[in-house]
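As stored in target-v4.cif (mmCIF, C-alpha atoms and all ligand atoms):
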```cif
data_my_file
#
loop_
_atom_site.group_PDB
_atom_site.id
_atom_site.type_symbol
_atom_site.label_atom_id
_atom_site.label_comp_id
_atom_site.auth_asym_id
_atom_site.auth_seq_id
_atom_site.Cartn_x
_atom_site.Cartn_y
_atom_site.Cartn_z
ATOM 1 C CA MET U 1 5.503 4.923 16.389
ATOM 2 C CA ILE U 2 7.752 3.397 19.048
ATOM 3 C CA LEU U 3 11.177 2.381 17.770
ATOM 4 C CA SER U 4 12.762 -0.497 19.721
ATOM 5 C CA PRO U 5 16.392 -0.938 18.600
ATOM 6 C CA SER U 6 17.482 -4.592 18.574
ATOM 7 C CA LEU U 7 20.678 -5.026 20.575
ATOM 8 C CA LEU U 8 21.603 -7.989 18.362
ATOM 9 C CA SER U 9 23.253 -5.459 16.049
ATOM 10 C CA CYS U 10 24.870 -3.281 18.733
ATOM 11 C CA ASP U 11 28.532 -3.299 19.817
ATOM 12 C CA PHE U 12 28.307 -5.941 22.573
ATOM 13 C CA GLY U 13 31.820 -5.008 23.691
ATOM 14 C CA ARG U 14 30.346 -1.662 24.789
ATOM 15 C CA LEU U 15 26.867 -2.758 25.826
ATOM 16 C CA ALA U 16 26.476 -0.342 28.766
ATOM 17 C CA GLU U 17 27.671 2.579 26.655
ATOM 18 C CA GLU U 18 25.355 1.577 23.817
ATOM 19 C CA LEU U 19 22.334 1.559 26.146
ATOM 20 C CA ALA U 20 23.349 4.946 27.549
ATOM 21 C CA ALA U 21 23.672 6.280 23.994
ATOM 22 C CA LEU U 22 20.174 5.031 23.125
ATOM 23 C CA GLU U 23 18.777 6.781 26.184
ATOM 24 C CA ALA U 24 20.630 9.989 25.355
ATOM 25 C CA ALA U 25 19.262 9.779 21.800
ATOM 26 C CA GLY U 26 15.692 9.819 23.115
ATOM 27 C CA LEU U 27 14.831 6.160 22.624
ATOM 28 C CA GLU U 28 12.342 4.791 25.163
ATOM 29 C CA TRP U 29 12.455 1.042 24.333
ATOM 30 C CA VAL U 30 15.278 -1.399 23.700
ATOM 31 C CA HIS U 31 14.816 -4.880 22.224
ATOM 32 C CA TRP U 32 16.726 -7.788 23.792
ATOM 33 C CA ASP U 33 17.010 -10.784 21.450
ATOM 34 C CA VAL U 34 17.467 -13.854 23.647
ATOM 35 C CA MET U 35 18.457 -16.970 21.677
ATOM 36 C CA ASP U 36 19.237 -20.477 22.968
ATOM 37 C CA GLY U 37 20.685 -22.244 19.922
ATOM 38 C CA MET U 38 17.704 -24.653 20.002
ATOM 39 C CA PHE U 39 14.618 -22.664 19.020
ATOM 40 C CA VAL U 40 16.880 -20.716 16.645
ATOM 41 C CA PRO U 41 20.377 -21.654 15.364
ATOM 42 C CA ASN U 42 22.055 -18.755 17.214
ATOM 43 C CA ILE U 43 23.002 -18.233 20.879
ATOM 44 C CA THR U 44 23.069 -14.723 22.400
ATOM 45 C CA LEU U 45 22.474 -13.841 26.060
ATOM 46 C CA GLY U 46 20.605 -14.745 29.248
ATOM 47 C CA PRO U 47 19.032 -13.134 32.346
ATOM 48 C CA LEU U 48 22.446 -12.456 33.925
ATOM 49 C CA ILE U 49 23.260 -9.888 31.221
ATOM 50 C CA VAL U 50 19.824 -8.285 31.388
ATOM 51 C CA LYS U 51 20.156 -7.991 35.171
ATOM 52 C CA ALA U 52 23.612 -6.453 34.907
ATOM 53 C CA LEU U 53 22.357 -3.702 32.613
ATOM 54 C CA ARG U 54 18.996 -3.129 34.358
ATOM 55 C CA LYS U 55 20.499 -1.016 37.112
ATOM 56 C CA ARG U 56 22.292 1.107 34.542
ATOM 57 C CA SER U 57 19.379 1.857 32.203
ATOM 58 C CA LYS U 58 15.957 3.466 32.416
ATOM 59 C CA LEU U 59 14.931 2.153 29.001
ATOM 60 C CA PHE U 60 11.860 -0.088 28.657
ATOM 61 C CA PHE U 61 13.319 -3.604 28.363
ATOM 62 C CA ASP U 62 11.415 -5.348 25.566
ATOM 63 C CA VAL U 63 12.648 -8.941 25.892
ATOM 64 C CA HIS U 64 12.119 -11.288 22.943
ATOM 65 C CA LEU U 65 12.611 -14.919 24.019
ATOM 66 C CA MET U 66 13.619 -17.074 21.083
ATOM 67 C CA ILE U 67 14.105 -20.088 23.353
ATOM 68 C CA GLU U 68 12.539 -23.536 23.685
ATOM 69 C CA LYS U 69 10.093 -23.946 26.598
ATOM 70 C CA PRO U 70 10.378 -20.277 27.701
ATOM 71 C CA GLU U 71 8.161 -21.047 30.738
ATOM 72 C CA ARG U 72 11.327 -22.350 32.374
ATOM 73 C CA TYR U 73 12.871 -18.878 32.491
ATOM 74 C CA LEU U 74 9.994 -16.377 32.826
ATOM 75 C CA HIS U 75 10.689 -15.736 36.497
ATOM 76 C CA GLU U 76 14.404 -15.201 35.882
ATOM 77 C CA PHE U 77 13.869 -12.659 33.111
ATOM 78 C CA VAL U 78 11.226 -10.728 35.031
ATOM 79 C CA ASP U 79 13.447 -10.839 38.112
ATOM 80 C CA ALA U 80 16.305 -9.570 35.938
ATOM 81 C CA GLY U 81 14.233 -6.502 35.099
ATOM 82 C CA ALA U 82 12.372 -7.267 31.867
ATOM 83 C CA ASP U 83 9.456 -4.840 31.470
ATOM 84 C CA LEU U 84 7.863 -6.922 28.716
ATOM 85 C CA VAL U 85 8.440 -10.618 28.046
ATOM 86 C CA CYS U 86 7.586 -12.014 24.611
ATOM 87 C CA VAL U 87 7.367 -15.783 24.116
ATOM 88 C CA HIS U 88 7.028 -17.568 20.782
ATOM 89 C CA ALA U 89 3.732 -19.345 20.151
ATOM 90 C CA GLU U 90 5.775 -22.136 18.528
ATOM 91 C CA ALA U 91 8.094 -22.600 21.529
ATOM 92 C CA THR U 92 5.677 -23.719 24.241
ATOM 93 C CA VAL U 93 2.903 -26.286 24.453
ATOM 94 C CA HIS U 94 0.859 -24.270 26.988
ATOM 95 C CA LEU U 95 0.874 -20.730 25.587
ATOM 96 C CA GLU U 96 -1.989 -19.344 27.669
ATOM 97 C CA ARG U 97 -0.340 -20.605 30.840
ATOM 98 C CA ALA U 98 2.941 -18.880 29.882
ATOM 99 C CA VAL U 99 1.153 -15.601 29.092
ATOM 100 C CA ALA U 100 -0.768 -15.702 32.385
ATOM 101 C CA GLU U 101 2.471 -16.412 34.263
ATOM 102 C CA ILE U 102 4.252 -13.385 32.753
ATOM 103 C CA ALA U 103 1.373 -11.176 33.891
ATOM 104 C CA ARG U 104 1.351 -12.808 37.327
ATOM 105 C CA LEU U 105 5.073 -12.085 37.655
ATOM 106 C CA GLY U 106 4.358 -8.394 36.983
ATOM 107 C CA ALA U 107 5.688 -7.920 33.444
ATOM 108 C CA LYS U 108 3.764 -7.132 30.269
ATOM 109 C CA PRO U 109 2.989 -10.338 28.333
ATOM 110 C CA ALA U 110 3.529 -10.634 24.591
ATOM 111 C CA VAL U 111 3.473 -13.429 22.017
ATOM 112 C CA ALA U 112 5.668 -13.658 18.903
ATOM 113 C CA LEU U 113 4.584 -15.386 15.686
ATOM 114 C CA ASN U 114 7.065 -16.772 13.173
ATOM 115 C CA PRO U 115 6.343 -15.769 9.583
ATOM 116 C CA ALA U 116 4.353 -18.895 8.688
ATOM 117 C CA THR U 117 2.406 -19.058 11.966
ATOM 118 C CA PRO U 118 -1.205 -17.915 11.435
ATOM 119 C CA LEU U 119 -2.798 -15.127 13.476
ATOM 120 C CA SER U 120 -5.331 -17.677 14.768
ATOM 121 C CA ALA U 121 -2.609 -18.774 17.215
ATOM 122 C CA VAL U 122 -3.240 -15.605 19.263
ATOM 123 C CA GLU U 123 -6.897 -14.947 18.397
ATOM 124 C CA TYR U 124 -8.254 -16.008 21.820
ATOM 125 C CA LEU U 125 -5.313 -14.534 23.747
ATOM 126 C CA LEU U 126 -5.509 -10.953 22.461
ATOM 127 C CA PRO U 127 -7.383 -9.563 25.516
ATOM 128 C CA GLN U 128 -4.533 -10.841 27.758
ATOM 129 C CA LEU U 129 -1.685 -9.519 25.574
ATOM 130 C CA SER U 130 0.109 -6.201 25.835
ATOM 131 C CA MET U 131 1.619 -6.870 22.438
ATOM 132 C CA VAL U 132 1.857 -9.284 19.524
ATOM 133 C CA LEU U 133 5.256 -9.526 17.807
ATOM 134 C CA VAL U 134 4.933 -10.304 14.098
ATOM 135 C CA MET U 135 8.241 -11.736 12.841
ATOM 136 C CA SER U 136 9.000 -10.291 9.422
ATOM 137 C CA VAL U 137 12.119 -12.478 9.058
ATOM 138 C CA ASN U 138 12.833 -16.031 10.199
ATOM 139 C CA PRO U 139 14.224 -15.625 13.734
ATOM 140 C CA GLY U 140 17.883 -16.091 14.618
ATOM 141 C CA PHE U 141 19.851 -13.388 12.863
ATOM 142 C CA GLY U 142 19.920 -9.675 12.098
ATOM 143 C CA GLY U 143 20.428 -8.189 8.650
ATOM 144 C CA GLN U 144 17.880 -10.375 6.836
ATOM 145 C CA SER U 145 15.400 -9.180 4.207
ATOM 146 C CA PHE U 146 11.852 -8.219 5.124
ATOM 147 C CA ILE U 147 9.277 -10.895 4.237
ATOM 148 C CA PRO U 148 6.642 -8.988 2.216
ATOM 149 C CA PHE U 149 3.518 -10.907 3.318
ATOM 150 C CA SER U 150 4.169 -9.604 6.851
ATOM 151 C CA ILE U 151 2.426 -6.367 5.854
ATOM 152 C CA GLU U 152 -0.873 -8.120 5.112
ATOM 153 C CA LYS U 153 -0.469 -10.091 8.352
ATOM 154 C CA VAL U 154 -0.157 -6.803 10.292
ATOM 155 C CA ARG U 155 -3.181 -5.386 8.484
ATOM 156 C CA ARG U 156 -5.306 -8.410 9.460
ATOM 157 C CA LEU U 157 -4.018 -8.392 13.038
ATOM 158 C CA ARG U 158 -4.860 -4.686 13.317
ATOM 159 C CA ALA U 159 -8.416 -5.519 12.202
ATOM 160 C CA MET U 160 -8.675 -8.323 14.800
ATOM 161 C CA ILE U 161 -7.502 -6.015 17.589
ATOM 162 C CA ASP U 162 -9.747 -3.131 16.524
ATOM 163 C CA GLU U 163 -12.724 -5.483 16.176
ATOM 164 C CA GLN U 164 -12.328 -6.449 19.848
ATOM 165 C CA ASN U 165 -11.663 -2.817 20.763
ATOM 166 C CA LEU U 166 -8.400 -3.754 22.477
ATOM 167 C CA SER U 167 -5.227 -1.753 23.143
ATOM 168 C CA THR U 168 -2.888 -4.637 22.288
ATOM 169 C CA LEU U 169 0.211 -3.284 20.504
ATOM 170 C CA ILE U 170 1.526 -4.706 17.223
ATOM 171 C CA GLN U 171 5.303 -5.033 16.946
ATOM 172 C CA LEU U 172 7.084 -5.831 13.655
ATOM 173 C CA ASP U 173 10.489 -7.399 14.003
ATOM 174 C CA GLY U 174 13.010 -8.101 11.257
ATOM 175 C CA GLY U 175 14.140 -6.301 8.102
ATOM 176 C CA VAL U 176 12.639 -2.969 9.209
ATOM 177 C CA THR U 177 14.291 0.022 7.544
ATOM 178 C CA VAL U 178 13.826 3.779 7.174
ATOM 179 C CA GLU U 179 12.635 3.016 3.641
ATOM 180 C CA ASN U 180 9.839 0.553 4.581
ATOM 181 C CA CYS U 181 8.712 1.885 7.972
ATOM 182 C CA ALA U 182 6.010 4.239 6.640
ATOM 183 C CA GLN U 183 4.048 1.385 5.039
ATOM 184 C CA LEU U 184 4.488 -0.746 8.163
ATOM 185 C CA VAL U 185 2.983 1.963 10.365
ATOM 186 C CA GLU U 186 0.267 2.601 7.801
ATOM 187 C CA ALA U 187 -0.592 -1.142 7.903
ATOM 188 C CA GLY U 188 -1.102 -0.858 11.671
ATOM 189 C CA ALA U 189 2.221 -1.502 13.419
ATOM 190 C CA ASP U 190 2.728 0.402 16.699
ATOM 191 C CA VAL U 191 6.271 -0.712 17.579
ATOM 192 C CA LEU U 192 9.060 -1.278 15.061
ATOM 193 C CA VAL U 193 12.181 -3.237 15.912
ATOM 194 C CA SER U 194 15.296 -2.333 13.998
ATOM 195 C CA GLY U 195 18.750 -3.822 14.466
ATOM 196 C CA SER U 196 21.058 -3.494 11.469
ATOM 197 C CA ALA U 197 19.244 -0.559 9.838
ATOM 198 C CA PHE U 198 19.496 1.368 13.109
ATOM 199 C CA PHE U 199 22.895 0.548 14.624
ATOM 200 C CA SER U 200 24.767 0.764 11.315
ATOM 201 C CA HIS U 201 23.910 4.462 11.008
ATOM 202 C CA PRO U 202 25.029 6.464 14.049
ATOM 203 C CA PRO U 203 24.559 9.067 15.496
ATOM 204 C CA TYR U 204 21.525 7.443 17.109
ATOM 205 C CA ASP U 205 19.576 10.659 17.692
ATOM 206 C CA GLU U 206 19.653 11.477 13.991
ATOM 207 C CA ARG U 207 18.830 7.866 13.079
ATOM 208 C CA HIS U 208 15.900 7.843 15.508
ATOM 209 C CA LEU U 209 14.603 11.056 13.965
ATOM 210 C CA ALA U 210 15.059 9.623 10.458
ATOM 211 C CA PHE U 211 12.880 6.638 11.371
ATOM 212 C CA GLN U 212 10.219 8.820 12.997
ATOM 213 C CA GLU U 213 10.115 11.293 10.127
ATOM 214 C CA ALA U 214 10.010 8.481 7.539
ATOM 215 C CA ALA U 215 7.167 6.874 9.491
ATOM 216 C CA GLY U 216 5.385 10.227 9.372
ATOM 217 C CA GLN U 217 5.214 10.483 13.129
ATOM 218 C CA SER U 218 6.440 12.885 15.774
ATOM 219 C CA ALA U 219 9.441 11.514 17.692
ATOM 220 C CA ARG U 220 8.309 9.108 20.443
HETATM 221 C C1 LIG U 301 15.798 -11.820 14.744
HETATM 222 C C2 LIG U 301 15.495 -10.823 15.873
HETATM 223 C C3 LIG U 301 15.316 -9.425 15.362
HETATM 224 C C4 LIG U 301 16.548 -8.922 14.598
HETATM 225 C C5 LIG U 301 16.217 -7.638 13.874
HETATM 226 O O1 LIG U 301 15.671 -13.130 15.238
HETATM 227 O O2 LIG U 301 14.317 -11.180 16.547
HETATM 228 O O3 LIG U 301 15.032 -8.561 16.474
HETATM 229 O O4 LIG U 301 17.599 -8.701 15.502
HETATM 230 O O5 LIG U 301 17.377 -7.276 13.170
HETATM 231 P P1 LIG U 301 17.284 -6.534 11.737
HETATM 232 O O6 LIG U 301 16.562 -5.237 12.028
HETATM 233 O O7 LIG U 301 18.724 -6.358 11.366
HETATM 234 O O8 LIG U 301 16.506 -7.424 10.836
HETATM 235 ZN ZN ZN U 302 13.634 -9.733 18.058
#
```

Now that the file is in, can you turn its structure into structure tokens?
Ligand code: DX5
Ligand code: ZN
Amino acid sequence: MILSPSLLSCDFGRLAEELAALEAAGLEWVHWDVMDGMFVPNITLGPLIVKALRKRSKLFFDVHLMIEKPERYLHEFVDAGADLVCVHAEATVHLERAVAEIARLGAKPAVALNPATPLSAVEYLLPQLSMVLVMSVNPGFGGQSFIPFSIEKVRRLRAMIDEQNLSTLIQLDGGVTVENCAQLVEAGADVLVSGSAFFSHPPYDERHLAFQEAAGQSAR
């Protein structure tokens, strides 16, 4: 299982140190929650911040765009150093065009689905996607409770991906804890995002291990 800590719950006053601490703790991915106050009621950060930290971190930058019309900023986030760019199916009219553009720019393309958005929204895109992000909370804030039907959604998505014999990753994002991660991995999730349940329990190396052990996996 890949754990991708969500920076939304980190100490933003020490962002560079936090990223360094994640790296030192053996994390490989870090999850950037970009919010514009339009697609979601919260505002966080933009490409300038990602760019500033890119030169100071070797982590895989997993960038989750919770912004309206993300096609306007794909180039800027890839240029800033995003390794993966995830756009919401609900945030753009021309989803396939946005996915193709991310790939053309040289980053890994991913699509996020809000809790009520059906899997059919990505059915025809799966061969082009590095990852599908299944939101297990309504986007905008950390510390929310896991929406239980997300598990069945992951199970069905896993079946869709396996049926097409694809290597598309499944990411679950929102309300992920040490206590629920085993059943999420068992349902078919490859990447788990954790914000509050991770950053509220330093030291990060021990917390990372706790997640991996709970998920029944060797540390990755
Ligand atoms: C919510 C974000 C999530 C969130 C996860 O809109 O996409 O990444 O930060 O935080 P927790 O793990 O606290 O639910
Ligand atoms: Zn996120």

_Neighbouring residues of ligand ZN 302 (chain U) are defined here as those with any atom at most 9 Å from a ligand atom, counting only C-alpha atoms and all ligand atoms; list them as a PyMOL selection string._
chain U and resi 6-8+31-34+62-66+112+133+135+139-142+172-174+193-195

Can you sort out the box for ligand LIG 301 (chain U), edges along x, y and z, all listed atoms in, 5 Å on every side, with centre and edge lengths in Å to one decimal, as AutoDock Vina command-line options?
```
--center_x 16.5 --center_y -9.2 --center_z 13.7 --size_x 14.4 --size_y 17.9 --size_z 15.7
```

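The environment of stretch 15-28 of chain U within 6 Å, counting all atoms listed in the file and disregarding residues fewer than 3 places along the same chain, consists of Phe12, Leu59, Tyr204 and Asp205 of chain U.
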
Output of the above residues as a compact mmCIF listing (two decimals), in the coordinates of the input, restricted to C-alpha atoms:
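Output contents, as saved in again-v6.txt:
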```
# COMPACT_ATOMS: atom_id res chain seq x y z
CA PHE U 12 28.31 -5.94 22.57
CA LEU U 59 14.93 2.15 29.00
CA TYR U 204 21.52 7.44 17.11
CA ASP U 205 19.58 10.66 17.69
```

_Rounded to one decimal, what separation in Å do you get between atom CA of U:Gly46 and atom CA of U:Asn114?_
21.1 Å

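Residues matched by the PyMOL selection byres (((chain U and resi 137) around 7) and not hetatm) in this structure: Pro115, Met135, Ser136, Asn138, Pro139, Gln144, Ser145, Phe146, Ile147, Gly174 and Gly175 of chain U.
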